[in-house]
file work-v4.cif (mmCIF, C-alpha atoms and all ligand atoms)
data_structure
loop_
_atom_site.label_atom_id
_atom_site.label_comp_id
_atom_site.auth_asym_id
_atom_site.auth_seq_id
_atom_site.Cartn_x
_atom_site.Cartn_y
_atom_site.Cartn_z
CA MET Y 1 102.13 83.33 112.78
CA LEU Y 2 100.50 81.94 109.68
CA GLY Y 3 96.82 82.91 109.64
CA GLY Y 4 96.82 85.70 112.22
CA SER Y 5 93.70 87.33 110.82
CA GLY Y 6 91.50 84.34 111.71
CA THR Y 7 89.50 83.61 114.82
CA VAL Y 8 92.08 81.34 116.43
CA GLY Y 9 95.06 83.15 114.93
CA SER Y 10 94.11 86.58 116.24
CA ALA Y 11 93.46 85.17 119.73
CA VAL Y 12 96.89 83.54 119.63
CA CYS Y 13 98.58 86.76 118.45
CA GLU Y 14 97.01 88.65 121.35
CA ALA Y 15 97.94 85.96 123.87
CA LEU Y 16 101.56 85.86 122.69
CA ALA Y 17 101.83 89.64 122.60
CA GLY Y 18 100.25 89.81 126.07
CA ALA Y 19 103.07 87.56 127.30
CA GLY Y 20 105.70 89.87 125.80
CA ALA Y 21 106.27 88.46 122.30
CA VAL Y 22 106.72 90.65 119.27
CA VAL Y 23 104.45 89.24 116.60
CA ALA Y 24 104.37 89.09 112.81
CA PHE Y 25 101.32 87.47 111.25
CA THR Y 26 99.91 86.71 107.83
CA PHE Y 27 96.51 87.46 106.36
CA LEU Y 28 95.02 87.10 102.91
CA HIS Y 29 91.48 88.44 102.42
CA GLY Y 30 90.99 89.73 105.97
CA GLU Y 31 92.73 93.04 105.44
CA ASP Y 32 90.42 94.95 107.80
CA ARG Y 33 90.72 92.30 110.53
CA ALA Y 34 94.49 92.29 110.08
CA ALA Y 35 94.69 96.09 110.33
CA ALA Y 36 92.54 96.09 113.47
CA LEU Y 37 94.69 93.38 115.05
CA ALA Y 38 97.91 95.20 114.17
CA ALA Y 39 96.47 98.36 115.74
CA ARG Y 40 95.69 96.49 118.99
CA ILE Y 41 99.18 94.94 119.33
CA THR Y 42 102.20 97.16 119.82
CA GLY Y 43 104.87 96.45 117.23
CA ALA Y 44 102.85 93.82 115.33
CA VAL Y 45 103.71 93.30 111.68
CA ALA Y 46 100.94 92.27 109.25
CA LEU Y 47 102.06 90.45 106.09
CA ARG Y 48 99.81 89.57 103.17
CA ALA Y 49 100.52 86.05 101.89
CA ASP Y 50 98.56 83.45 99.97
CA LEU Y 51 99.60 80.22 101.65
CA VAL Y 52 98.63 78.23 98.55
CA GLN Y 53 101.72 79.75 96.94
CA PRO Y 54 104.98 78.30 98.36
CA ALA Y 55 106.95 81.37 97.27
CA GLU Y 56 104.61 83.59 99.28
CA VAL Y 57 105.05 81.40 102.36
CA GLU Y 58 108.83 81.67 102.05
CA ALA Y 59 108.64 85.42 101.46
CA ALA Y 60 106.49 85.81 104.59
CA VAL Y 61 109.10 83.96 106.65
CA ASP Y 62 111.87 86.14 105.23
CA ARG Y 63 109.92 89.35 105.80
CA ALA Y 64 109.05 88.34 109.37
CA GLU Y 65 112.70 87.66 110.18
CA ALA Y 66 113.79 90.95 108.64
CA ALA Y 67 111.08 92.95 110.43
CA LEU Y 68 111.50 91.31 113.85
CA GLY Y 69 115.27 90.77 113.74
CA GLY Y 70 114.80 87.01 114.24
CA VAL Y 71 112.10 84.37 114.69
CA ASP Y 72 111.97 81.68 117.38
CA VAL Y 73 108.30 80.62 117.22
CA LEU Y 74 106.08 79.51 114.35
CA VAL Y 75 102.36 79.09 114.91
CA HIS Y 76 100.27 77.81 112.03
CA ALA Y 77 96.64 78.79 112.56
CA ALA Y 78 95.48 79.21 108.98
CA GLY Y 79 92.64 77.07 107.76
CA ALA Y 80 91.19 77.02 104.28
CA SER Y 81 87.47 77.27 103.85
CA LEU Y 82 86.09 73.80 103.14
CA GLY Y 83 83.70 74.93 100.45
CA ALA Y 84 80.85 73.14 102.22
CA PRO Y 85 77.65 72.89 100.18
CA PRO Y 86 74.92 75.32 101.28
CA ASP Y 87 72.57 72.54 102.38
CA GLY Y 88 75.01 71.62 105.13
CA ARG Y 89 75.95 68.17 103.81
CA LEU Y 90 79.51 66.89 103.94
CA PRO Y 91 79.47 64.30 101.19
CA LEU Y 92 82.60 63.00 99.55
CA ALA Y 93 81.14 63.89 96.17
CA ALA Y 94 80.94 67.58 97.15
CA VAL Y 95 84.72 67.78 97.59
CA ASP Y 96 86.28 68.34 94.20
CA VAL Y 97 89.98 68.07 93.41
CA ALA Y 98 90.46 71.84 93.48
CA ALA Y 99 89.04 72.03 97.03
CA TRP Y 100 91.21 69.07 98.09
CA ASP Y 101 94.36 70.77 96.72
CA ARG Y 102 93.55 74.14 98.31
CA VAL Y 103 92.81 72.69 101.74
CA MET Y 104 95.91 70.50 101.69
CA ALA Y 105 98.07 73.43 100.56
CA VAL Y 106 96.88 75.90 103.20
CA ASN Y 107 96.42 73.48 106.09
CA ALA Y 108 99.42 71.23 105.57
CA ARG Y 109 101.87 72.04 102.74
CA ALA Y 110 102.36 75.61 103.99
CA VAL Y 111 103.75 74.18 107.23
CA PHE Y 112 106.29 72.04 105.39
CA VAL Y 113 107.38 75.05 103.31
CA ALA Y 114 107.56 77.42 106.29
CA VAL Y 115 109.44 75.04 108.59
CA ARG Y 116 111.97 74.20 105.88
CA ARG Y 117 112.62 77.91 105.45
CA LEU Y 118 112.76 78.49 109.20
CA VAL Y 119 115.37 75.89 110.13
CA PRO Y 120 118.36 78.23 109.61
CA VAL Y 121 116.36 81.09 111.16
CA PHE Y 122 115.75 79.00 114.30
CA GLU Y 123 119.43 78.03 114.31
CA ARG Y 124 120.39 81.71 114.39
CA ALA Y 125 117.93 82.16 117.29
CA GLY Y 126 119.39 79.21 119.23
CA GLY Y 127 116.25 77.08 118.82
CA GLY Y 128 112.52 77.39 118.32
CA GLU Y 129 108.98 76.25 118.95
CA VAL Y 130 106.52 75.16 116.28
CA VAL Y 131 102.86 74.97 117.27
CA LEU Y 132 100.40 73.68 114.70
CA ILE Y 133 96.66 74.15 115.03
CA GLY Y 134 95.28 70.78 114.07
CA SER Y 135 91.82 69.53 114.83
CA VAL Y 136 90.22 66.94 117.01
CA ASP Y 137 89.40 64.94 113.86
CA ALA Y 138 93.13 64.09 113.62
CA VAL Y 139 93.19 62.44 117.03
CA LYS Y 140 89.65 61.11 117.61
CA PRO Y 141 87.22 59.50 115.17
CA ILE Y 142 84.56 62.13 114.50
CA ALA Y 143 82.69 62.98 111.33
CA ALA Y 144 84.66 65.51 109.29
CA PRO Y 145 85.03 66.44 105.62
CA VAL Y 146 87.60 64.19 103.97
CA HIS Y 147 90.01 66.94 102.82
CA HIS Y 148 89.97 68.61 106.25
CA ALA Y 149 90.58 65.30 108.04
CA ALA Y 150 93.40 64.40 105.62
CA SER Y 151 95.13 67.76 106.07
CA LYS Y 152 95.00 67.51 109.84
CA ALA Y 153 96.30 63.93 109.77
CA ALA Y 154 99.19 65.27 107.68
CA LEU Y 155 99.89 67.83 110.42
CA ARG Y 156 99.89 65.02 112.99
CA GLY Y 157 102.48 63.16 110.91
CA MET Y 158 104.60 66.27 110.45
CA THR Y 159 104.47 66.95 114.18
CA ALA Y 160 105.96 63.54 114.95
CA SER Y 161 108.49 63.61 112.12
CA LEU Y 162 109.71 67.16 112.67
CA ALA Y 163 109.94 66.72 116.45
CA LYS Y 164 112.41 63.87 115.91
CA GLU Y 165 114.39 65.59 113.19
CA LEU Y 166 114.58 69.05 114.73
CA GLY Y 167 114.85 68.05 118.40
CA PRO Y 168 118.66 67.95 118.26
CA HIS Y 169 118.52 71.56 117.01
CA ASN Y 170 116.59 72.64 120.13
CA VAL Y 171 113.35 72.96 118.14
CA ARG Y 172 110.15 71.48 119.58
CA VAL Y 173 107.09 70.74 117.46
CA ASN Y 174 103.60 70.24 118.86
CA MET Y 175 100.04 70.24 117.63
CA VAL Y 176 97.00 71.61 119.43
CA ALA Y 177 93.85 69.81 118.32
CA PRO Y 178 90.79 71.92 119.11
CA GLY Y 179 87.31 70.52 119.22
CA LEU Y 180 84.49 72.65 117.83
CA LEU Y 181 84.85 76.30 118.79
CA GLU Y 182 82.17 78.97 119.16
CA ALA Y 183 83.39 80.84 116.08
CA GLY Y 184 85.63 80.61 113.03
CA LEU Y 185 85.60 77.63 110.70
CA SER Y 186 82.97 75.91 112.86
CA ARG Y 187 80.49 78.06 110.91
CA GLU Y 188 80.94 75.51 108.10
CA VAL Y 189 79.97 72.53 110.26
CA PRO Y 190 76.38 71.40 109.67
CA GLU Y 191 73.92 72.08 112.48
CA GLU Y 192 73.19 68.39 112.94
CA LEU Y 193 76.87 67.64 113.59
CA ARG Y 194 77.16 70.61 115.95
CA ARG Y 195 74.27 69.25 118.05
CA GLU Y 196 75.79 65.76 118.01
CA TYR Y 197 79.14 67.18 119.15
CA LEU Y 198 77.58 68.85 122.18
CA LYS Y 199 75.95 65.59 123.26
CA HIS Y 200 79.35 63.89 123.46
CA SER Y 201 81.39 66.76 124.93
CA GLY Y 202 82.02 66.50 128.66
CA ALA Y 203 81.99 70.29 128.87
CA ARG Y 204 78.65 70.41 126.96
CA ARG Y 205 79.73 73.56 125.15
CA PHE Y 206 81.88 74.72 122.27
CA GLY Y 207 85.39 75.96 122.99
CA LYS Y 208 86.60 79.54 122.83
CA ALA Y 209 89.50 80.75 120.71
CA ALA Y 210 91.02 82.27 123.85
CA GLU Y 211 91.13 78.80 125.45
CA ILE Y 212 93.13 77.48 122.50
CA ALA Y 213 95.38 80.53 122.64
CA THR Y 214 96.25 79.87 126.29
CA LEU Y 215 97.52 76.41 125.41
CA VAL Y 216 99.43 77.74 122.39
CA ARG Y 217 101.01 80.44 124.55
CA PHE Y 218 102.30 77.80 126.95
CA LEU Y 219 103.75 75.69 124.16
CA ALA Y 220 105.24 78.67 122.35
CA MET Y 221 106.69 80.56 125.30
CA GLU Y 222 107.11 78.31 128.35
CA ASN Y 223 107.64 74.83 126.96
CA THR Y 224 111.11 73.33 127.15
CA TYR Y 225 110.57 69.56 126.94
CA VAL Y 226 107.18 68.65 125.42
CA THR Y 227 107.58 67.75 121.76
CA GLY Y 228 105.95 65.59 119.10
CA GLN Y 229 102.60 65.74 120.90
CA ALA Y 230 99.03 66.30 119.73
CA LEU Y 231 97.12 67.91 122.58
CA ALA Y 232 93.34 67.70 122.25
CA ALA Y 233 91.48 70.73 123.60
CA ASP Y 234 87.90 69.60 123.10
CA GLY Y 235 86.13 69.83 126.44
CA GLY Y 236 86.35 66.09 126.92
CA LEU Y 237 85.00 64.51 123.78
N1 LIG A 301 86.87 77.17 114.64
C1 LIG A 301 86.82 75.89 114.97
O1 LIG A 301 85.78 75.37 115.45
C2 LIG A 301 88.02 75.01 114.80
C3 LIG A 301 87.99 73.72 115.34
C4 LIG A 301 89.08 72.87 115.16
C5 LIG A 301 90.18 73.32 114.45
N2 LIG A 301 90.19 74.57 113.95
C6 LIG A 301 91.38 74.96 113.18
O2 LIG A 301 91.85 76.23 113.59
C7 LIG A 301 92.47 76.87 112.46
C8 LIG A 301 91.93 78.29 112.36
O3 LIG A 301 90.54 78.24 112.15
P1 LIG A 301 89.61 79.48 112.50
O4 LIG A 301 88.41 78.92 113.13
O5 LIG A 301 90.40 80.54 113.18
O6 LIG A 301 89.21 79.92 111.02
P2 LIG A 301 88.98 81.38 110.39
O7 LIG A 301 88.49 82.33 111.43
O8 LIG A 301 88.14 81.17 109.19
O9 LIG A 301 90.45 81.83 109.96
C9 LIG A 301 91.10 81.20 108.89
C10 LIG A 301 92.47 81.83 108.71
O10 LIG A 301 93.14 81.17 107.64
C11 LIG A 301 93.55 82.16 106.69
N3 LIG A 301 93.58 81.61 105.34
C12 LIG A 301 92.66 80.84 104.71
N4 LIG A 301 93.05 80.57 103.45
C13 LIG A 301 94.26 81.19 103.29
C14 LIG A 301 95.18 81.28 102.23
N5 LIG A 301 94.98 80.72 101.02
N6 LIG A 301 96.30 82.00 102.41
C15 LIG A 301 96.53 82.63 103.58
N7 LIG A 301 95.72 82.56 104.64
C16 LIG A 301 94.59 81.85 104.49
C17 LIG A 301 92.54 83.28 106.81
O11 LIG A 301 93.09 84.49 106.28
P3 LIG A 301 92.12 85.69 105.70
O12 LIG A 301 90.86 85.63 106.51
O13 LIG A 301 92.94 86.91 105.95
O14 LIG A 301 91.92 85.41 104.26
C18 LIG A 301 92.40 83.32 108.33
O15 LIG A 301 93.50 83.99 108.91
C19 LIG A 301 92.16 76.01 111.24
O16 LIG A 301 93.28 75.23 110.93
C20 LIG A 301 91.03 75.12 111.71
O17 LIG A 301 91.01 73.87 111.06
C21 LIG A 301 89.15 75.43 114.10
#

call {"tool": "encode", "arguments": {"input": "work-v4.cif", "output": "structure tokens"}}
result
Amino acid sequence: MLGGSGTVGSAVCEALAGAGAVVAFTFLHGEDRAAALAARITGAVALRADLVQPAEVEAAVDRAEAALGGVDVLVHAAGASLGAPPDGRLPLAAVDVAAWDRVMAVNARAVFVAVRRLVPVFERAGGGEVVLIGSVDAVKPIAAPVHHAASKAALRGMTASLAKELGPHNVRVNMVAPGLLEAGLSREVPEELRREYLKHSGARRFGKAAEIATLVRFLAMENTYVTGQALAADGGL
């Protein structure tokens, strides 16, 4: 699990562990959250890794395989902070090149690096499941910061491409595309957009990390035939 210390990531770790999986997950700055999560989950392995650094992504994969004795699921739930301006605007001009590079590296490039490293690991395991946490902005036209939207569109493309390429190796690749959730990175979405979102959501509420985790658990642990899909979990936007 890449990004286990986050809101969505920790809910996914708990859901997978609750269904019997042994979990290794990464964290970066959330050392306390990672330690608390590892204490709640029997046998969990917490690995510090900066996903901006490809070598650290590869090392995390290697350490997870060594610690668990094999890996047959990858969930990517890390998401870089968008660096939103304090006045809550999302203008193009507020996204500098450094923010673009960081968001693309954490949200998208880390998946490419991890999956490339995992192919032989999955082969040793007899197959695998890859579940990417995307975002509704990759599958429906909603207002979103340009670097975030671009990174999630990249995940959508990787989902389709990798599903085709890795399918013959018994590896399925899917993306879950959450709408706005109660917590986590939604804290960076301006209030005006949050209100607008609720007006258009059939459920008339934000989602819960546990609701995303339930879908991820299905894809990671019960799925045998769904692949290449982007599944929106947005309360009916
Ligand atoms: N929350 C929402 O409303 C929402 C809606 C749609 C999609 N999503 C997607 O869900 C995913 C998770 O979001 P969240 O809400 O759970 O966010 P979050 O609570 O802020 O968690 C972000 C996670 O990403 C990790 N991370 C960030 N930069 C990193 C880096 N350079 N290296 C390693 N790890 C890094 C964080 O690690 P540390 O904290 O340990 O540094 C943390 O585990 C994101 O991809 C996001 O786009 C969220």

call {"tool": "residues_around", "arguments": {"input": "work-v4.cif", "residues": "Asn223 of chain Y", "least_positions_apart": "4", "cutoff": "12 Å", "atoms": "only C-alpha atoms", "output": "CSV table (one decimal) with C-alpha atoms, in the frame of the given file"}}
result
chain,number,residue,atom,x,y,z
Y,73,VAL,CA,108.3,80.6,117.2
Y,128,GLY,CA,112.5,77.4,118.3
Y,129,GLU,CA,109.0,76.2,119.0
Y,130,VAL,CA,106.5,75.2,116.3
Y,131,VAL,CA,102.9,75.0,117.3
Y,170,ASN,CA,116.6,72.6,120.1
Y,171,VAL,CA,113.4,73.0,118.1
Y,172,ARG,CA,110.2,71.5,119.6
Y,173,VAL,CA,107.1,70.7,117.5
Y,174,ASN,CA,103.6,70.2,118.9
Y,215,LEU,CA,97.5,76.4,125.4
Y,216,VAL,CA,99.4,77.7,122.4
Y,217,ARG,CA,101.0,80.4,124.6
Y,218,PHE,CA,102.3,77.8,127.0
Y,219,LEU,CA,103.8,75.7,124.2
Y,227,THR,CA,107.6,67.8,121.8

call {"tool": "atom_distance", "arguments": {"input": "work-v4.cif", "atom1": "atom CA of Val52 of chain Y", "atom2": "atom C13 of ligand LIG 301 (chain A)"}}
result
7.1 Å

call {"tool": "closest_residue", "arguments": {"input": "work-v4.cif", "among": "Y:Leu193, Y:Leu185, Y:Val119, Y:Ala153", "to": "Gly167 of chain Y", "atoms": "only C-alpha atoms"}}
result
Y:Val119

call {"tool": "residues_near_ligand", "arguments": {"input": "work-v4.cif", "ligand": "ligand LIG 301 (chain A)", "cutoff": "7 Å", "atoms": "only C-alpha atoms and all ligand atoms", "output": "ChimeraX atom specification"}}
result
/Y:2-9,26-31,34,49-52,77-81,106-107,133-136,177-186

call {"tool": "residues_near_point", "arguments": {"input": "work-v4.cif", "point": "(78.3, 69.4, 113.0)", "cutoff": "10 Å", "atoms": "all atoms listed in the file", "output": "list in words"}}
result
Gly88, Arg89, Leu90, Ile142, Ala143, Ala144, Leu180, Ser186, Arg187, Glu188, Val189, Pro190, Glu191, Glu192, Leu193, Arg194, Arg195, Glu196, Tyr197 and Leu198 of chain Y

call {"tool": "atom_distance", "arguments": {"input": "work-v4.cif", "atom1": "atom CA of Ala98 of chain Y", "atom2": "atom CA of Pro54 of chain Y"}}
result
16.6 Å

call {"tool": "closest_atom_pairs", "arguments": {"input": "work-v4.cif", "of": "segment 43-128 of chain Y", "to": "segment 158-161 of chain Y", "cutoff": "12 Å", "atoms": "only C-alpha atoms", "output": "tab-separated table"}}
result
residue	atom	partner	partner_atom	distance
Y:His76	CA	Y:Thr159	CA	11.8
Y:Asn107	CA	Y:Met158	CA	11.7
Y:Ala108	CA	Y:Met158	CA	8.7
Y:Arg109	CA	Y:Met158	CA	10.0
Y:Ala110	CA	Y:Met158	CA	11.6
Y:Val111	CA	Y:Met158	CA	8.6
Y:Phe112	CA	Y:Met158	CA	7.9
Y:Val113	CA	Y:Met158	CA	11.7
Y:Val115	CA	Y:Met158	CA	10.2
Y:Arg116	CA	Y:Met158	CA	11.8

call {"tool": "atom_distance", "arguments": {"input": "work-v4.cif", "atom1": "atom CA of Val57 of chain Y", "atom2": "atom CA of Leu74 of chain Y"}}
result
12.2 Å

call {"tool": "closest_residue", "arguments": {"input": "work-v4.cif", "among": "Y:Ala99, Y:Ala19, Y:Val176, Y:Ala66", "to": "Met221 of chain Y", "atoms": "only C-alpha atoms"}}
result
Y:Ala19

call {"tool": "residues_around", "arguments": {"input": "work-v4.cif", "residues": "segment 35-46 of chain Y", "least_positions_apart": "2", "cutoff": "8 Å", "atoms": "only C-alpha atoms", "output": "ChimeraX atom specification"}}
result
/Y:5,10,14,17,22-27,31-33,48,64,67

call {"tool": "residues_around", "arguments": {"input": "work-v4.cif", "residues": "Arg124 of chain Y", "least_positions_apart": "5", "cutoff": "9 Å", "atoms": "all atoms listed in the file", "output": "list in words"}}
result
Gly70, Val71, Asp72 and Val119 of chain Y

call {"tool": "write_last_selection", "arguments": {"input": "work-v4.cif", "atoms": "C-alpha atoms", "output": "mmCIF file, in the frame of the given file"}}
result
data_model
loop_
_atom_site.group_PDB
_atom_site.id
_atom_site.type_symbol
_atom_site.label_atom_id
_atom_site.label_comp_id
_atom_site.auth_asym_id
_atom_site.auth_seq_id
_atom_site.Cartn_x
_atom_site.Cartn_y
_atom_site.Cartn_z
ATOM 1 C CA GLY Y 70 114.800 87.010 114.240
ATOM 2 C CA VAL Y 71 112.100 84.370 114.690
ATOM 3 C CA ASP Y 72 111.970 81.680 117.380
ATOM 4 C CA VAL Y 119 115.370 75.890 110.130
#

call {"tool": "closest_residue", "arguments": {"input": "work-v4.cif", "among": "Y:Lys208, Y:Gly126, Y:Gly235, Y:Ala114", "to": "Pro168 of chain Y", "atoms": "only C-alpha atoms"}}
result
Y:Gly126

call {"tool": "build_atoms", "arguments": {"input": "work-v4.cif", "residues": "segment 167-201 of chain Y", "atoms": "N, CA and C atoms", "output": "PDB file, in the frame of the given file"}}
result
ATOM      1  N   GLY Y 167     114.544  68.069 116.966  1.00  0.00           N
ATOM      2  CA  GLY Y 167     114.850  68.050 118.400  1.00  0.00           C
ATOM      3  C   GLY Y 167     116.319  68.332 118.703  1.00  0.00           C
ATOM      4  N   PRO Y 168     117.235  67.688 117.985  1.00  0.00           N
ATOM      5  CA  PRO Y 168     118.660  67.950 118.260  1.00  0.00           C
ATOM      6  C   PRO Y 168     119.068  69.394 117.986  1.00  0.00           C
ATOM      7  N   HIS Y 169     118.221  70.141 117.275  1.00  0.00           N
ATOM      8  CA  HIS Y 169     118.520  71.560 117.010  1.00  0.00           C
ATOM      9  C   HIS Y 169     117.790  72.466 118.007  1.00  0.00           C
ATOM     10  N   ASN Y 170     117.307  71.882 119.101  1.00  0.00           N
ATOM     11  CA  ASN Y 170     116.590  72.640 120.130  1.00  0.00           C
ATOM     12  C   ASN Y 170     115.293  73.257 119.586  1.00  0.00           C
ATOM     13  N   VAL Y 171     114.655  72.529 118.676  1.00  0.00           N
ATOM     14  CA  VAL Y 171     113.350  72.960 118.140  1.00  0.00           C
ATOM     15  C   VAL Y 171     112.314  71.918 118.549  1.00  0.00           C
ATOM     16  N   ARG Y 172     111.251  72.373 119.209  1.00  0.00           N
ATOM     17  CA  ARG Y 172     110.150  71.480 119.580  1.00  0.00           C
ATOM     18  C   ARG Y 172     108.953  71.725 118.662  1.00  0.00           C
ATOM     19  N   VAL Y 173     108.215  70.664 118.405  1.00  0.00           N
ATOM     20  CA  VAL Y 173     107.090  70.740 117.460  1.00  0.00           C
ATOM     21  C   VAL Y 173     105.881  70.064 118.096  1.00  0.00           C
ATOM     22  N   ASN Y 174     104.812  70.796 118.257  1.00  0.00           N
ATOM     23  CA  ASN Y 174     103.600  70.240 118.860  1.00  0.00           C
ATOM     24  C   ASN Y 174     102.371  70.686 118.094  1.00  0.00           C
ATOM     25  N   MET Y 175     101.309  69.911 118.279  1.00  0.00           N
ATOM     26  CA  MET Y 175     100.040  70.240 117.630  1.00  0.00           C
ATOM     27  C   MET Y 175      98.969  70.391 118.703  1.00  0.00           C
ATOM     28  N   VAL Y 176      98.191  71.455 118.584  1.00  0.00           N
ATOM     29  CA  VAL Y 176      97.000  71.610 119.430  1.00  0.00           C
ATOM     30  C   VAL Y 176      95.807  71.214 118.570  1.00  0.00           C
ATOM     31  N   ALA Y 177      94.980  70.345 119.103  1.00  0.00           N
ATOM     32  CA  ALA Y 177      93.850  69.810 118.320  1.00  0.00           C
ATOM     33  C   ALA Y 177      92.535  70.273 118.950  1.00  0.00           C
ATOM     34  N   PRO Y 178      92.026  71.428 118.507  1.00  0.00           N
ATOM     35  CA  PRO Y 178      90.790  71.920 119.110  1.00  0.00           C
ATOM     36  C   PRO Y 178      89.580  71.082 118.684  1.00  0.00           C
ATOM     37  N   GLY Y 179      88.635  70.995 119.591  1.00  0.00           N
ATOM     38  CA  GLY Y 179      87.310  70.520 119.220  1.00  0.00           C
ATOM     39  C   GLY Y 179      86.564  71.681 118.575  1.00  0.00           C
ATOM     40  N   LEU Y 180      85.254  71.557 118.465  1.00  0.00           N
ATOM     41  CA  LEU Y 180      84.490  72.650 117.830  1.00  0.00           C
ATOM     42  C   LEU Y 180      84.524  73.892 118.704  1.00  0.00           C
ATOM     43  N   LEU Y 181      84.796  75.027 118.069  1.00  0.00           N
ATOM     44  CA  LEU Y 181      84.850  76.300 118.790  1.00  0.00           C
ATOM     45  C   LEU Y 181      83.576  77.104 118.511  1.00  0.00           C
ATOM     46  N   GLU Y 182      83.380  78.146 119.321  1.00  0.00           N
ATOM     47  CA  GLU Y 182      82.170  78.970 119.160  1.00  0.00           C
ATOM     48  C   GLU Y 182      82.148  79.688 117.810  1.00  0.00           C
ATOM     49  N   ALA Y 183      83.328  79.999 117.282  1.00  0.00           N
ATOM     50  CA  ALA Y 183      83.390  80.840 116.080  1.00  0.00           C
ATOM     51  C   ALA Y 183      84.433  80.283 115.113  1.00  0.00           C
ATOM     52  N   GLY Y 184      84.625  80.995 114.011  1.00  0.00           N
ATOM     53  CA  GLY Y 184      85.630  80.610 113.030  1.00  0.00           C
ATOM     54  C   GLY Y 184      85.100  79.544 112.080  1.00  0.00           C
ATOM     55  N   LEU Y 185      85.969  78.616 111.719  1.00  0.00           N
ATOM     56  CA  LEU Y 185      85.600  77.630 110.700  1.00  0.00           C
ATOM     57  C   LEU Y 185      84.456  76.715 111.128  1.00  0.00           C
ATOM     58  N   SER Y 186      84.121  76.715 112.412  1.00  0.00           N
ATOM     59  CA  SER Y 186      82.970  75.910 112.860  1.00  0.00           C
ATOM     60  C   SER Y 186      81.682  76.360 112.184  1.00  0.00           C
ATOM     61  N   ARG Y 187      81.684  77.582 111.636  1.00  0.00           N
ATOM     62  CA  ARG Y 187      80.490  78.060 110.910  1.00  0.00           C
ATOM     63  C   ARG Y 187      80.177  77.156 109.717  1.00  0.00           C
ATOM     64  N   GLU Y 188      81.159  76.385 109.262  1.00  0.00           N
ATOM     65  CA  GLU Y 188      80.940  75.510 108.100  1.00  0.00           C
ATOM     66  C   GLU Y 188      80.506  74.105 108.493  1.00  0.00           C
ATOM     67  N   VAL Y 189      80.387  73.866 109.809  1.00  0.00           N
ATOM     68  CA  VAL Y 189      79.970  72.530 110.260  1.00  0.00           C
ATOM     69  C   VAL Y 189      78.446  72.482 110.309  1.00  0.00           C
ATOM     70  N   PRO Y 190      77.841  71.478 109.688  1.00  0.00           N
ATOM     71  CA  PRO Y 190      76.380  71.400 109.670  1.00  0.00           C
ATOM     72  C   PRO Y 190      75.777  71.354 111.068  1.00  0.00           C
ATOM     73  N   GLU Y 191      74.596  71.958 111.191  1.00  0.00           N
ATOM     74  CA  GLU Y 191      73.920  72.080 112.480  1.00  0.00           C
ATOM     75  C   GLU Y 191      73.745  70.720 113.172  1.00  0.00           C
ATOM     76  N   GLU Y 192      73.408  69.720 112.367  1.00  0.00           N
ATOM     77  CA  GLU Y 192      73.190  68.390 112.940  1.00  0.00           C
ATOM     78  C   GLU Y 192      74.461  67.869 113.626  1.00  0.00           C
ATOM     79  N   LEU Y 193      75.617  68.094 112.994  1.00  0.00           N
ATOM     80  CA  LEU Y 193      76.870  67.640 113.590  1.00  0.00           C
ATOM     81  C   LEU Y 193      77.241  68.466 114.812  1.00  0.00           C
ATOM     82  N   ARG Y 194      76.877  69.743 114.780  1.00  0.00           N
ATOM     83  CA  ARG Y 194      77.160  70.610 115.950  1.00  0.00           C
ATOM     84  C   ARG Y 194      76.372  70.108 117.165  1.00  0.00           C
ATOM     85  N   ARG Y 195      75.105  69.753 116.937  1.00  0.00           N
ATOM     86  CA  ARG Y 195      74.270  69.250 118.050  1.00  0.00           C
ATOM     87  C   ARG Y 195      74.826  67.921 118.572  1.00  0.00           C
ATOM     88  N   GLU Y 196      75.231  67.061 117.652  1.00  0.00           N
ATOM     89  CA  GLU Y 196      75.790  65.760 118.010  1.00  0.00           C
ATOM     90  C   GLU Y 196      77.063  65.935 118.859  1.00  0.00           C
ATOM     91  N   TYR Y 197      77.883  66.900 118.437  1.00  0.00           N
ATOM     92  CA  TYR Y 197      79.140  67.180 119.150  1.00  0.00           C
ATOM     93  C   TYR Y 197      78.858  67.535 120.615  1.00  0.00           C
ATOM     94  N   LEU Y 198      77.882  68.399 120.816  1.00  0.00           N
ATOM     95  CA  LEU Y 198      77.580  68.850 122.180  1.00  0.00           C
ATOM     96  C   LEU Y 198      77.132  67.693 123.072  1.00  0.00           C
ATOM     97  N   LYS Y 199      76.424  66.744 122.474  1.00  0.00           N
ATOM     98  CA  LYS Y 199      75.950  65.590 123.260  1.00  0.00           C
ATOM     99  C   LYS Y 199      77.116  64.796 123.815  1.00  0.00           C
ATOM    100  N   HIS Y 200      78.227  64.745 123.071  1.00  0.00           N
ATOM    101  CA  HIS Y 200      79.350  63.890 123.460  1.00  0.00           C
ATOM    102  C   HIS Y 200      80.463  64.653 124.169  1.00  0.00           C
ATOM    103  N   SER Y 201      80.343  65.965 124.273  1.00  0.00           N
ATOM    104  CA  SER Y 201      81.390  66.760 124.930  1.00  0.00           C
ATOM    105  C   SER Y 201      81.132  66.800 126.430  1.00  0.00           C
TER     106      SER Y 201
END
